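Visitor: Could you have a look at this structure, given as structure tokens, before my questions?
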Amino acid sequence: SGVITKKNEDETFDIRYNDGDIELKVAPSSIIPQNGPIIPSNTAVKVRYRGKHTFYKGIIEDYTFDKNLYTVLFEDGERDEKVKRQWIIIESLPHAPVPETSNESTAAMQSLTLQQRKSEPNLKSLPTSMQQRLPSIHNLPPVKLR
């Protein structure tokens, strides 16, 4: 176990372990805080606002590692910087950008992207400002199926 000492601009973390070792640029997916893995920025979520019983949709903007709190931008434009992990339900994780290639893997990747389109939630209901912040796969060229 260890302590996060810094959040880097590229969304990675620097860690000082209990034995004195230091590890730089650790991916959030490799870090498991006491209450579960860190949720990446731009993840669509439902949140119990201030821990109450009603859930509201939003996106994760940031994670404050020293306080173990998230900043969430809600659909209505409201922002809360003190969201506890136990108040959050993940709706959908941000998609990684599809790399540009010119070989057979392009067709396979586009086919996968088509499957993702069918299964991902409709984010069009989010305000335009939030839609622009979410990574999108909807602007890919049409896929020819064999």
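Chain identifiers are assigned as A, B, and so on, following the order in which chains appear in the structure tokens; residues are numbered from 1 within each chain, and ligands are numbered from 1 in order of appearance.
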With a distance cut-off of 10 Å and only C-alpha atoms, select the neighbouring residues of Ile60 of chain A, excluding the residue or stretch itself and same-chain residues fewer than 4 positions from it, and output the selection as a list in words.
Guide: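 Contacts, in chain order: Ile39, Pro40, Ser41, Asn42, Thr43, Ala44, Val45, Lys46, Val47, Tyr70, Thr71, Val72, Leu73, Phe74, Arg79, Asp80, Glu81, Val83, Ile88, Ile90 and Leu93 of chain A.
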Visitor: Any idea what's packed within 8 Å of Lys6 of chain A, counting only C-alpha atoms, ignoring anything in its chain fewer than 6 positions away? Could you give it as a list in words?
Guide: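 So, after excluding close chain neighbours, the residues are Phe13, Asp14 and Ile15 of chain A.
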Visitor: Can you write out the residues you just picked, keeping C-alpha atoms, as a compact mmCIF listing (two decimals), in the first residue's frame?
Guide:
```txt
# COMPACT_ATOMS: atom_id res chain seq x y z
CA PHE A 13 -0.69 9.65 -10.34
CA ASP A 14 2.65 9.53 -8.53
CA ILE A 15 2.72 7.15 -5.55
```
Visitor: Could you work out how far atom CA of Ile22 of chain A lies from atom CA of Leu69 of chain A, giving the answer in Å with one decimal?
Guide: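 Separation between atom CA of Leu69 of chain A and atom CA of Ile22 of chain A: 23.2 Å.
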Visitor: Could you check which of A:Glu11, A:Ile38, A:Leu24, A:Lys84 is closest to Lys67 of chain A, using only C-alpha atoms?
Guide: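 Of all the options, A:Lys84 lies closest to Lys67 of chain A.
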